[in-house]
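Everything below belongs to run_38.txt, which stores compact mmCIF, C-alpha atoms and all ligand atoms.
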```txt
# COMPACT_ATOMS: atom_id res chain seq x y z
CA MET A 1252 -9.56 -3.47 16.26
CA ILE A 1253 -8.61 0.15 16.98
CA VAL A 1254 -4.88 0.92 16.89
CA LEU A 1255 -3.18 4.16 17.91
CA GLY A 1256 -0.15 4.62 15.62
CA ILE A 1257 2.69 6.93 16.60
CA ASP A 1258 5.66 8.06 14.50
CA THR A 1259 8.42 10.39 15.71
CA SER A 1260 11.25 8.96 13.62
CA CYS A 1261 12.50 12.20 12.10
CA ASP A 1262 11.02 15.70 12.13
CA ASP A 1263 7.26 15.06 12.09
CA THR A 1264 5.30 14.25 15.24
CA SER A 1265 2.41 12.08 14.12
CA ALA A 1266 -0.40 10.10 15.70
CA ALA A 1267 -3.32 8.33 14.05
CA ILE A 1268 -6.30 6.16 14.87
CA VAL A 1269 -6.74 3.27 12.44
CA LYS A 1270 -9.59 0.76 12.43
CA ASP A 1271 -8.99 -2.87 11.37
CA GLY A 1272 -5.65 -2.12 9.74
CA HIS A 1273 -7.00 -0.12 6.80
CA GLU A 1274 -9.35 2.71 7.80
CA ALA A 1275 -7.60 5.87 9.00
CA ILE A 1276 -10.18 7.60 11.21
CA SER A 1277 -7.68 10.33 12.06
CA ASN A 1278 -4.10 11.14 11.12
CA ILE A 1279 -2.51 14.16 12.76
CA VAL A 1280 0.94 15.38 11.72
CA HIS A 1281 2.76 18.22 13.41
CA SER A 1282 5.39 19.35 10.93
CA GLN A 1283 8.68 20.91 12.04
CA ILE A 1284 9.51 22.36 8.60
CA GLU A 1285 9.50 25.97 9.86
CA LEU A 1286 11.89 25.10 12.69
CA HIS A 1287 14.49 23.40 10.47
CA HIS A 1288 14.02 25.65 7.42
CA PRO A 1289 16.88 28.08 8.29
CA TYR A 1290 19.34 25.16 8.50
CA GLY A 1291 18.41 23.52 5.16
CA GLY A 1292 17.93 20.15 6.88
CA VAL A 1293 16.80 18.51 10.10
CA VAL A 1294 18.77 19.42 13.27
CA PRO A 1295 18.44 16.26 15.43
CA GLU A 1296 18.62 17.97 18.84
CA LEU A 1297 15.97 20.53 17.88
CA ALA A 1298 13.78 17.76 16.43
CA SER A 1299 13.71 15.71 19.66
CA ARG A 1300 12.97 18.78 21.81
CA GLU A 1301 10.10 19.68 19.49
CA HIS A 1302 8.71 16.12 19.64
CA LEU A 1303 8.73 16.38 23.46
CA LYS A 1304 6.62 19.53 23.26
CA ASN A 1305 4.18 18.08 20.74
CA ILE A 1306 3.70 14.39 21.44
CA ILE A 1307 0.92 14.81 24.05
CA PRO A 1308 -1.11 17.43 22.10
CA VAL A 1309 -0.75 15.47 18.85
CA VAL A 1310 -2.01 12.20 20.40
CA LYS A 1311 -4.87 14.10 22.10
CA GLU A 1312 -5.85 15.64 18.78
CA ALA A 1313 -5.73 12.26 17.02
CA LEU A 1314 -8.09 10.82 19.67
CA LEU A 1315 -10.36 13.86 19.60
CA SER A 1316 -10.72 14.03 15.86
CA ALA A 1317 -11.50 10.28 15.77
CA ASN A 1318 -14.11 10.99 18.44
CA THR A 1319 -12.53 8.41 20.74
CA SER A 1320 -10.44 8.12 23.91
CA LEU A 1321 -7.60 5.99 25.27
CA ASP A 1322 -10.07 3.56 26.96
CA LYS A 1323 -11.33 2.55 23.53
CA ILE A 1324 -7.88 1.86 22.06
CA ASP A 1325 -7.06 -1.84 21.67
CA ALA A 1326 -3.34 -1.45 21.04
CA ILE A 1327 -0.54 1.03 20.33
CA ALA A 1328 1.95 0.77 17.47
CA VAL A 1329 5.03 2.98 17.63
CA THR A 1330 8.06 3.43 15.36
CA ILE A 1331 11.25 2.15 17.00
CA GLY A 1332 13.59 2.67 14.01
CA PRO A 1333 15.30 3.46 11.75
CA GLY A 1334 15.51 7.17 12.42
CA LEU A 1335 17.03 9.84 14.65
CA ILE A 1336 17.58 8.21 18.02
CA GLY A 1337 16.49 11.22 20.14
CA SER A 1338 13.33 11.60 18.08
CA LEU A 1339 12.48 7.88 18.20
CA LEU A 1340 12.90 7.76 21.98
CA VAL A 1341 10.20 10.40 22.51
CA GLY A 1342 7.53 8.35 20.72
CA LEU A 1343 8.71 5.04 22.15
CA TYR A 1344 8.79 6.17 25.80
CA TYR A 1345 5.47 7.93 25.44
CA ALA A 1346 3.95 4.68 24.07
CA LYS A 1347 5.58 2.66 26.87
CA ALA A 1348 4.18 5.03 29.51
CA ILE A 1349 0.63 4.76 28.15
CA SER A 1350 0.99 1.00 27.77
CA TYR A 1351 2.19 0.58 31.38
CA THR A 1352 -0.25 2.96 33.04
CA ARG A 1353 -3.34 1.99 31.01
CA GLY A 1354 -2.61 -1.69 30.49
CA ILE A 1355 -2.78 -1.37 26.70
CA LYS A 1356 -0.35 -3.59 24.78
CA PHE A 1357 2.10 -1.92 22.43
CA ILE A 1358 4.36 -2.98 19.60
CA GLY A 1359 7.56 -1.49 18.15
CA ILE A 1360 7.40 -1.02 14.38
CA ASN A 1361 10.00 -0.60 11.67
CA HIS A 1362 9.37 2.75 9.95
CA LEU A 1363 10.11 1.25 6.51
CA GLU A 1364 7.54 -1.48 7.01
CA GLY A 1365 5.10 1.35 7.73
CA HIS A 1366 5.93 3.02 4.38
CA ILE A 1367 5.51 -0.32 2.53
CA LEU A 1368 2.14 -1.01 4.15
CA SER A 1369 0.86 2.59 3.78
CA ILE A 1370 -0.85 1.48 0.55
CA PHE A 1371 -3.32 -0.59 2.62
CA LEU A 1372 -4.85 2.69 3.84
CA GLU A 1373 -6.17 3.15 0.31
CA LYS A 1374 -9.34 1.55 -1.09
CA GLU A 1375 -7.38 -0.19 -3.80
CA ALA A 1376 -4.34 -2.12 -2.59
CA PRO A 1377 -2.11 -4.58 -4.49
CA SER A 1378 -2.27 -8.31 -3.92
CA PHE A 1379 0.86 -10.28 -3.00
CA PRO A 1380 3.52 -10.49 -4.26
CA PHE A 1381 4.18 -6.91 -5.30
CA ILE A 1382 7.17 -4.62 -5.70
CA ALA A 1383 7.50 -1.73 -3.24
CA LEU A 1384 9.78 1.23 -3.75
CA THR A 1385 10.22 3.47 -0.71
CA ILE A 1386 11.79 6.80 -1.62
CA SER A 1387 12.14 9.32 1.16
CA GLY A 1388 14.61 11.66 2.84
CA GLY A 1389 16.33 8.85 4.71
CA HIS A 1390 15.75 5.78 2.52
CA THR A 1391 15.62 4.53 -1.04
CA SER A 1392 14.89 0.81 -1.18
CA LEU A 1393 13.24 -1.70 -3.51
CA TYR A 1394 11.48 -4.70 -1.99
CA LYS A 1395 9.64 -7.76 -3.10
CA VAL A 1396 6.67 -7.92 -0.72
CA LEU A 1397 5.55 -11.53 -0.27
CA ASP A 1398 3.06 -11.02 2.54
CA PHE A 1399 2.49 -8.85 5.62
CA GLY A 1400 5.78 -9.11 7.51
CA GLU A 1401 7.61 -10.89 4.65
CA TYR A 1402 9.93 -8.66 2.66
CA MET A 1403 12.88 -9.31 0.41
CA LEU A 1404 15.26 -6.40 -0.18
CA LEU A 1405 16.11 -6.20 -3.89
CA GLY A 1406 18.26 -3.08 -3.79
CA HIS A 1407 18.94 0.09 -1.85
CA THR A 1408 20.93 3.27 -2.06
CA LEU A 1409 24.67 2.96 -1.62
CA ASP A 1410 24.98 6.61 -0.50
CA ASP A 1411 22.36 9.40 -0.47
CA ALA A 1412 18.63 8.69 -0.40
CA ALA A 1413 16.59 10.16 -3.28
CA GLY A 1414 14.93 12.74 -0.99
CA GLU A 1415 18.30 13.62 0.51
CA ALA A 1416 19.60 14.28 -3.02
CA PHE A 1417 16.59 16.57 -3.67
CA ASP A 1418 17.29 18.39 -0.38
CA LYS A 1419 21.03 18.76 -1.04
CA VAL A 1420 20.56 19.91 -4.64
CA ALA A 1421 17.91 22.41 -3.46
CA LYS A 1422 20.51 23.81 -1.06
CA ILE A 1423 23.07 24.07 -3.90
CA LEU A 1424 20.45 25.93 -5.98
CA GLY A 1425 19.70 28.27 -3.07
CA LEU A 1426 16.15 26.93 -2.58
CA GLY A 1427 14.31 26.23 0.67
CA TYR A 1428 13.73 23.07 2.69
CA PRO A 1429 12.31 20.47 2.09
CA GLY A 1430 14.03 20.57 -1.26
CA GLY A 1431 11.83 18.09 -3.13
CA ILE A 1432 8.79 20.34 -3.18
CA GLU A 1433 10.87 23.41 -4.14
CA ILE A 1434 12.64 21.57 -6.98
CA GLU A 1435 9.35 20.19 -8.30
CA LYS A 1436 7.82 23.70 -8.30
CA LEU A 1437 10.80 25.29 -10.03
CA SER A 1438 11.12 22.46 -12.57
CA LYS A 1439 7.67 23.22 -13.96
CA ARG A 1440 9.16 26.34 -15.60
CA GLY A 1441 12.33 24.57 -16.77
CA ASN A 1442 13.43 22.53 -19.77
CA PRO A 1443 14.87 19.20 -18.56
CA ASN A 1444 16.72 18.61 -21.85
CA LYS A 1445 19.08 21.59 -21.80
CA ILE A 1446 21.61 19.79 -19.61
CA LYS A 1447 22.24 16.06 -19.41
CA PHE A 1448 23.25 15.13 -15.86
CA PRO A 1449 24.51 11.57 -15.25
CA ARG A 1450 22.06 8.69 -14.78
CA PRO A 1451 23.62 6.49 -12.08
CA TYR A 1452 22.26 3.12 -13.22
CA LEU A 1453 25.37 1.32 -11.80
CA SER A 1454 26.24 -2.10 -13.27
CA LYS A 1455 23.96 -3.68 -15.88
CA GLU A 1456 21.59 -5.55 -13.61
CA SER A 1457 22.08 -3.69 -10.34
CA LEU A 1458 18.96 -2.76 -8.41
CA ASP A 1459 20.94 -0.47 -6.11
CA PHE A 1460 20.87 3.31 -6.28
CA SER A 1461 23.54 5.98 -5.95
CA PHE A 1462 22.75 9.68 -5.97
CA SER A 1463 25.86 11.32 -4.52
CA GLY A 1464 27.69 11.49 -7.91
CA LEU A 1465 24.65 13.14 -9.47
CA LYS A 1466 24.57 15.69 -6.66
CA THR A 1467 28.29 16.43 -7.23
CA ALA A 1468 27.67 16.81 -10.98
CA VAL A 1469 24.95 19.40 -10.25
CA SER A 1470 27.23 21.18 -7.78
CA LEU A 1471 30.13 21.39 -10.29
CA PHE A 1472 27.77 22.60 -13.02
CA VAL A 1473 26.29 25.31 -10.76
CA LYS A 1474 29.81 26.58 -9.88
CA LYS A 1475 30.60 26.93 -13.59
CA TRP A 1476 27.18 28.44 -14.33
CA LYS A 1477 27.63 31.13 -11.66
CA ARG A 1478 30.95 32.21 -13.19
CA ASP A 1479 29.80 32.15 -16.82
CA LYS A 1480 27.41 34.91 -17.94
CA ILE A 1481 26.78 33.40 -21.40
CA LEU A 1482 25.82 30.07 -19.80
CA ARG A 1483 23.48 31.91 -17.42
CA ASN A 1484 21.73 33.53 -20.41
CA GLU A 1485 21.25 30.16 -22.07
CA ILE A 1486 20.31 28.07 -19.05
CA SER A 1487 18.05 29.13 -16.19
CA LEU A 1488 17.95 27.89 -12.59
CA SER A 1489 14.67 26.13 -13.42
CA ASP A 1490 16.39 24.28 -16.32
CA ILE A 1491 19.00 22.97 -13.85
CA ALA A 1492 16.30 21.89 -11.37
CA ALA A 1493 14.29 20.18 -14.14
CA ALA A 1494 17.38 18.39 -15.53
CA PHE A 1495 18.28 17.07 -12.06
CA GLN A 1496 14.71 15.92 -11.38
CA GLU A 1497 14.57 14.16 -14.75
CA SER A 1498 17.77 12.30 -14.01
CA VAL A 1499 16.41 10.99 -10.68
CA ILE A 1500 13.14 9.96 -12.35
CA ASP A 1501 14.97 8.14 -15.19
CA VAL A 1502 16.92 6.15 -12.60
CA ILE A 1503 13.79 5.26 -10.63
CA ILE A 1504 11.98 4.08 -13.79
CA GLU A 1505 14.95 1.98 -14.91
CA LYS A 1506 15.29 0.31 -11.48
CA ILE A 1507 11.58 -0.54 -11.42
CA ARG A 1508 11.88 -2.03 -14.93
CA ARG A 1509 14.85 -4.14 -13.82
CA SER A 1510 13.02 -5.37 -10.73
CA LEU A 1511 10.10 -6.46 -12.94
CA ASN A 1512 12.53 -8.76 -14.76
CA ILE A 1513 13.13 -10.75 -11.60
CA VAL A 1514 9.83 -10.54 -9.72
CA ASP A 1515 6.80 -12.23 -11.20
CA THR A 1516 4.23 -9.50 -10.60
CA LYS A 1517 2.31 -6.78 -12.38
CA SER A 1518 1.89 -4.61 -9.26
CA VAL A 1519 4.29 -1.88 -8.14
CA MET A 1520 3.67 0.53 -5.32
CA VAL A 1521 5.72 3.66 -4.71
CA ALA A 1522 5.71 5.40 -1.31
CA GLY A 1523 7.74 7.83 0.83
CA GLY A 1524 8.01 11.63 0.57
CA VAL A 1525 9.52 11.63 -2.96
CA ALA A 1526 6.49 9.66 -4.20
CA CYS A 1527 4.51 12.93 -3.79
CA ASN A 1528 6.37 14.24 -6.85
CA ASN A 1529 3.80 14.73 -9.62
CA ARG A 1530 6.27 14.57 -12.49
CA LEU A 1531 7.45 11.18 -11.18
CA ARG A 1532 3.86 9.93 -10.91
CA GLU A 1533 3.01 11.16 -14.42
CA ARG A 1534 6.06 9.61 -16.06
CA LEU A 1535 5.66 6.30 -14.22
CA LYS A 1536 2.03 6.07 -15.37
CA ARG A 1537 2.94 7.05 -18.93
CA GLU A 1538 5.98 4.80 -19.30
CA LEU A 1539 5.10 1.70 -17.28
CA THR A 1540 1.79 0.88 -18.94
CA GLU A 1541 2.31 -2.88 -18.69
CA ILE A 1542 1.90 -2.85 -14.90
CA LYS A 1543 -0.53 -1.53 -12.33
CA LEU A 1544 0.87 1.29 -10.21
CA TYR A 1545 -0.20 2.07 -6.67
CA PHE A 1546 0.52 5.32 -4.85
CA PRO A 1547 -0.71 6.16 -1.36
CA ARG A 1548 -2.25 9.65 -1.22
CA PRO A 1549 0.38 12.32 -0.33
CA GLU A 1550 -0.52 12.49 3.40
CA PHE A 1551 0.28 8.76 3.65
CA CYS A 1552 3.45 9.07 1.51
CA THR A 1553 5.20 11.44 3.90
CA ASP A 1554 5.79 10.30 7.48
CA ASN A 1555 2.57 9.53 9.33
CA GLY A 1556 1.23 7.55 12.29
CA ALA A 1557 -1.47 5.79 10.24
CA MET A 1558 1.00 3.60 8.30
CA ILE A 1559 2.60 2.56 11.62
CA ALA A 1560 -0.84 1.56 12.93
CA VAL A 1561 -1.39 -0.61 9.80
CA ALA A 1562 1.92 -2.43 10.37
CA GLY A 1563 1.06 -2.82 14.08
CA TYR A 1564 -2.39 -4.26 13.32
CA HIS A 1565 -0.93 -7.09 11.22
CA LYS A 1566 1.45 -8.04 14.02
CA PHE A 1567 -1.19 -7.82 16.78
CA ILE A 1568 -3.57 -10.15 14.94
CA LYS A 1569 -0.73 -12.69 14.85
CA GLY A 1570 -0.38 -12.33 18.64
CA GLU A 1571 2.85 -10.32 18.61
CA SER A 1572 3.59 -7.44 21.02
CA SER A 1573 6.62 -5.72 22.61
CA ASP A 1574 7.74 -5.42 26.21
CA LEU A 1575 9.06 -2.50 28.23
CA TYR A 1576 12.68 -3.47 27.48
CA THR A 1577 12.19 -2.69 23.77
CA ASP A 1578 14.73 -0.15 22.59
CA ALA A 1579 14.93 2.34 19.72
CA ARG A 1580 17.32 1.59 16.83
CA SER A 1581 18.81 4.26 14.59
CA ARG A 1582 19.65 1.56 12.00
CA PHE A 1583 17.06 -1.14 11.52
CA PRO A 1584 17.02 -3.10 8.22
CA ILE A 1585 13.76 -5.00 7.65
CA ALA A 1586 15.30 -7.47 5.25
CA GLU A 1587 18.74 -8.34 4.02
CA ILE A 1588 19.56 -8.43 0.31
O1 LIG A 1601 8.91 10.20 3.85
P1 LIG A 1601 9.34 11.56 4.28
O2 LIG A 1601 8.29 12.53 4.72
O3 LIG A 1601 10.36 11.48 5.45
C1 LIG A 1601 11.40 10.56 5.55
O4 LIG A 1601 11.15 9.43 6.05
O5 LIG A 1601 12.50 10.93 5.09
O6 LIG A 1601 10.20 12.18 3.05
C2 LIG A 1601 10.75 13.45 3.08
C3 LIG A 1601 11.56 13.66 1.81
C4 LIG A 1601 12.35 14.95 1.77
O7 LIG A 1601 13.68 14.66 1.38
C5 LIG A 1601 11.65 15.78 0.70
O8 LIG A 1601 12.51 16.65 0.00
C6 LIG A 1601 11.08 14.72 -0.20
O9 LIG A 1601 10.67 13.68 0.67
N1 LIG A 1601 9.92 15.22 -0.94
C7 LIG A 1601 9.87 15.33 -2.29
C8 LIG A 1601 8.62 15.90 -2.61
N2 LIG A 1601 7.94 16.12 -1.46
C9 LIG A 1601 8.74 15.69 -0.45
N3 LIG A 1601 10.79 14.99 -3.23
C10 LIG A 1601 10.46 15.23 -4.52
N4 LIG A 1601 9.30 15.80 -4.90
C11 LIG A 1601 8.35 16.15 -4.00
N5 LIG A 1601 7.20 16.71 -4.40
ZN ZN A 1602 9.68 8.04 6.24
```
Show how you would write the structure in this file as structure tokens.
Amino acid sequence: MIVLGIDTSCDDTSAAIVKDGHEAISNIVHSQIELHHPYGGVVPELASREHLKNIIPVVKEALLSANTSLDKIDAIAVTIGPGLIGSLLVGLYYAKAISYTRGIKFIGINHLEGHILSIFLEKEAPSFPFIALTISGGHTSLYKVLDFGEYMLLGHTLDDAAGEAFDKVAKILGLGYPGGIEIEKLSKRGNPNKIKFPRPYLSKESLDFSFSGLKTAVSLFVKKWKRDKILRNEISLSDIAAAFQESVIDVIIEKIRRSLNIVDTKSVMVAGGVACNNRLRERLKRELTEIKLYFPRPEFCTDNGAMIAVAGYHKFIKGESSDLYTDARSRFPIAEI
């Protein structure tokens, strides 16, 4: 079965052709980083206008590089939420138009389900049940994954997402956007042990996350650091970046450990933009030796159409599809706690 997957949930316009729910024949992503760079974050109105310009060329390129055409597509899977409503509507209405005019069925997909199932694009995927941690610019959630379409939310962020914290701290440090990549680069030259920022573990057994206090702690420290010449001689900008990154990684490792206490599994998969972070990958592999870790390759960690096609495939084979009344949803939980 050949599925065209489309994702326009935030600032990337993406389309992919995926065969039988696991083989990405093409995966095209048009990034808007340059456009939003001057603002230090995504400007929703600019993002939706850019999606409008790019959706047709991106889908054409996905078809072309898979050496196929719309007549050979069995179904379309498109993200309907959560995300920026203007951005989501571009992908959804494009998918509806193709579905209606070509008679191809389509299905609306939850973006987070796409991130969880992105690991099935890799040769080696976990068996059920497994723990999934999705860490991106908009979301930080831990799930127990029982089967395709069966998810139990174990914990989520109470305020900022992990990627959002990276982006905001990058802004405080005067770095570019997206902040995660910039902080990772700078941290390589820094000593993470020169400053001890808070580790927001919350209550003893909590599987929730909270990054806004950590961000405030960095902000207060940077204010002091800018005023104090002696402190600036002792501690560099890269030390601050490294200390912040280490704090986020410590929290992530602790939350995974806690989730392993309540889920009977030895498989953990980590996805979403922050999962591209090499320091995080290294430390997880070094410190969680008792389990098997799964990471999608970086192009499937950040937003992409291929993961949406995977999620769509598993619904289509169960006979599910959407109708033309399907709407986009800016908030769209896949599972309650
Ligand atoms: O999954 P994604 O592409 O989009 C969302 O659904 O949000 O994630 C983007 C987020 C941004 O906040 C970005 O700063 C973060 O992922 N990110 C990273 C790295 N690469 C991207 N964070 C930490 N380290 C990285 N190497
Ligand atoms: Zn995402």
Which residue of A:Ala1586, A:Lys1474, A:Gly1337, A:Arg1353 approaches A:Ser1299 most closely, using only C-alpha atoms: A:Gly1337
Could you check how far atom CA of A:Gly1523 sits from atom CA of A:Ile1382, in Å to one decimal?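 Atom-to-atom, atom CA of A:Gly1523 to atom CA of A:Ile1382, that is 14.1 Å.
Proximity ranking of A:Gly1427, A:Thr1319, A:Leu1409, A:Arg1483 relative to A:Gly1292 places A:Gly1427 first, based on only C-alpha atoms.
Candidate residues A:Glu1364, A:Glu1433, A:Glu1373, A:Asp1459 were compared for distance to A:Asp1411, and the nearest is A:Asp1459, using all atoms listed in the file.
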Judged by only C-alpha atoms and all ligand atoms, the minimum distance to ligand LIG 1601 (chain A) among A:Asp1410, A:Glu1505, A:Glu1550, A:Asp1578 is found for A:Glu1550
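Shortest separation to ligand LIG 1601 (chain A) among A:Ala1562, A:Ala1492, A:Leu1482, A:Leu1393 occurs at residue A:Ala1492, atoms counted being all atoms listed in the file.
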Pull the closest atom pair for each residue of chain A that gets at most 9 Å from ligand ZN 1602 (chain A), along with the distance in Å to one decimal, counting only C-alpha atoms and all ligand atoms, ordering rows by chain and then ascending residue number, as CSV.
```
residue,atom,partner,partner_atom,distance
A:Ser1260,CA,A:ZN1602,ZN,7.6
A:Cys1261,CA,A:ZN1602,ZN,7.7
A:Gly1334,CA,A:ZN1602,ZN,8.5
A:His1362,CA,A:ZN1602,ZN,6.5
A:Leu1363,CA,A:ZN1602,ZN,6.8
A:Gly1365,CA,A:ZN1602,ZN,8.2
A:His1366,CA,A:ZN1602,ZN,6.5
A:Thr1385,CA,A:ZN1602,ZN,8.3
A:Ile1386,CA,A:ZN1602,ZN,8.2
A:Ser1387,CA,A:ZN1602,ZN,5.8
A:Gly1388,CA,A:ZN1602,ZN,7.0
A:Gly1389,CA,A:ZN1602,ZN,6.9
A:His1390,CA,A:ZN1602,ZN,7.5
A:Ala1522,CA,A:ZN1602,ZN,8.9
A:Gly1523,CA,A:ZN1602,ZN,5.8
A:Gly1524,CA,A:ZN1602,ZN,6.9
A:Cys1552,CA,A:ZN1602,ZN,7.9
A:Thr1553,CA,A:ZN1602,ZN,6.1
A:Asp1554,CA,A:ZN1602,ZN,4.7
A:Asn1555,CA,A:ZN1602,ZN,7.9
```
Within 10 Å of stretch 1396-1404 of chain A: each stretch 1439-1534 of chain A residue with its shortest pair, only C-alpha atoms, as a tab-separated table:
```
residue	atom	partner	partner_atom	distance
A:Leu1458	CA	A:Leu1404	CA	9.7
A:Val1514	CA	A:Val1396	CA	9.9
A:Val1519	CA	A:Val1396	CA	9.9
```
One decimal, in Å: what's the spacing between atom CA of A:Val1499 and atom CA of A:Ile1486? 19.4 Å
Around (19.0, 7.8, -10.2) in the file's frame, which residues reach within 12 Å when counting only C-alpha atoms? Return as a PDB file with C-alpha atoms, in the frame of the given file?
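point31.pdb, written as the output of this step:
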```pdb
ATOM      1  CA  ILE A1386      11.790   6.800  -1.620  1.00  0.00           C
ATOM      2  CA  THR A1391      15.620   4.530  -1.040  1.00  0.00           C
ATOM      3  CA  HIS A1407      18.940   0.090  -1.850  1.00  0.00           C
ATOM      4  CA  THR A1408      20.930   3.270  -2.060  1.00  0.00           C
ATOM      5  CA  LEU A1409      24.670   2.960  -1.620  1.00  0.00           C
ATOM      6  CA  ASP A1410      24.980   6.610  -0.500  1.00  0.00           C
ATOM      7  CA  ASP A1411      22.360   9.400  -0.470  1.00  0.00           C
ATOM      8  CA  ALA A1412      18.630   8.690  -0.400  1.00  0.00           C
ATOM      9  CA  ALA A1413      16.590  10.160  -3.280  1.00  0.00           C
ATOM     10  CA  GLY A1414      14.930  12.740  -0.990  1.00  0.00           C
ATOM     11  CA  ALA A1416      19.600  14.280  -3.020  1.00  0.00           C
ATOM     12  CA  PHE A1417      16.590  16.570  -3.670  1.00  0.00           C
ATOM     13  CA  PHE A1448      23.250  15.130 -15.860  1.00  0.00           C
ATOM     14  CA  PRO A1449      24.510  11.570 -15.250  1.00  0.00           C
ATOM     15  CA  ARG A1450      22.060   8.690 -14.780  1.00  0.00           C
ATOM     16  CA  PRO A1451      23.620   6.490 -12.080  1.00  0.00           C
ATOM     17  CA  TYR A1452      22.260   3.120 -13.220  1.00  0.00           C
ATOM     18  CA  LEU A1453      25.370   1.320 -11.800  1.00  0.00           C
ATOM     19  CA  SER A1457      22.080  -3.690 -10.340  1.00  0.00           C
ATOM     20  CA  LEU A1458      18.960  -2.760  -8.410  1.00  0.00           C
ATOM     21  CA  ASP A1459      20.940  -0.470  -6.110  1.00  0.00           C
ATOM     22  CA  PHE A1460      20.870   3.310  -6.280  1.00  0.00           C
ATOM     23  CA  SER A1461      23.540   5.980  -5.950  1.00  0.00           C
ATOM     24  CA  PHE A1462      22.750   9.680  -5.970  1.00  0.00           C
ATOM     25  CA  SER A1463      25.860  11.320  -4.520  1.00  0.00           C
ATOM     26  CA  GLY A1464      27.690  11.490  -7.910  1.00  0.00           C
ATOM     27  CA  LEU A1465      24.650  13.140  -9.470  1.00  0.00           C
ATOM     28  CA  LYS A1466      24.570  15.690  -6.660  1.00  0.00           C
ATOM     29  CA  ALA A1494      17.380  18.390 -15.530  1.00  0.00           C
ATOM     30  CA  PHE A1495      18.280  17.070 -12.060  1.00  0.00           C
ATOM     31  CA  GLN A1496      14.710  15.920 -11.380  1.00  0.00           C
ATOM     32  CA  GLU A1497      14.570  14.160 -14.750  1.00  0.00           C
ATOM     33  CA  SER A1498      17.770  12.300 -14.010  1.00  0.00           C
ATOM     34  CA  VAL A1499      16.410  10.990 -10.680  1.00  0.00           C
ATOM     35  CA  ILE A1500      13.140   9.960 -12.350  1.00  0.00           C
ATOM     36  CA  ASP A1501      14.970   8.140 -15.190  1.00  0.00           C
ATOM     37  CA  VAL A1502      16.920   6.150 -12.600  1.00  0.00           C
ATOM     38  CA  ILE A1503      13.790   5.260 -10.630  1.00  0.00           C
ATOM     39  CA  ILE A1504      11.980   4.080 -13.790  1.00  0.00           C
ATOM     40  CA  GLU A1505      14.950   1.980 -14.910  1.00  0.00           C
ATOM     41  CA  LYS A1506      15.290   0.310 -11.480  1.00  0.00           C
ATOM     42  CA  ILE A1507      11.580  -0.540 -11.420  1.00  0.00           C
TER      43      ILE A1507
END
```
Identify the residues within 8 Å of coordinate (-4.0, 14.3, 14.6) (same frame as the file), considering only C-alpha atoms, and give the answer as a PyMOL selection string. chain A and resi 1265-1267+1277-1281+1309-1314+1316
Using all atoms listed in the file, which of A:Glu1435, A:Asp1515, A:Glu1456, A:Glu1285 sits nearest ligand LIG 1601 (chain A)?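 Nearest to ligand LIG 1601 (chain A): A:Glu1435.
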Go ahead and compute the interatomic distance for atom CA of A:Ile1432 and atom CA of A:Ser1487, in Å to one decimal. 18.2 Å
A:Arg1300 surroundings by all atoms listed in the file, 12 Å radius, close-in-sequence under 2 positions cut, as a PyMOL selection string: chain A and resi 1259+1261-1264+1283+1286+1294-1298+1302-1306+1337-1342
Applying 12 Å and all atoms listed in the file, which residues near A:Glu1571 remain after dropping the ones on its own chain fewer than 2 positions away? List them as an MDAnalysis selection string. chainID A and resid 1326:1328 1356:1360 1400 1562:1569 1573:1574
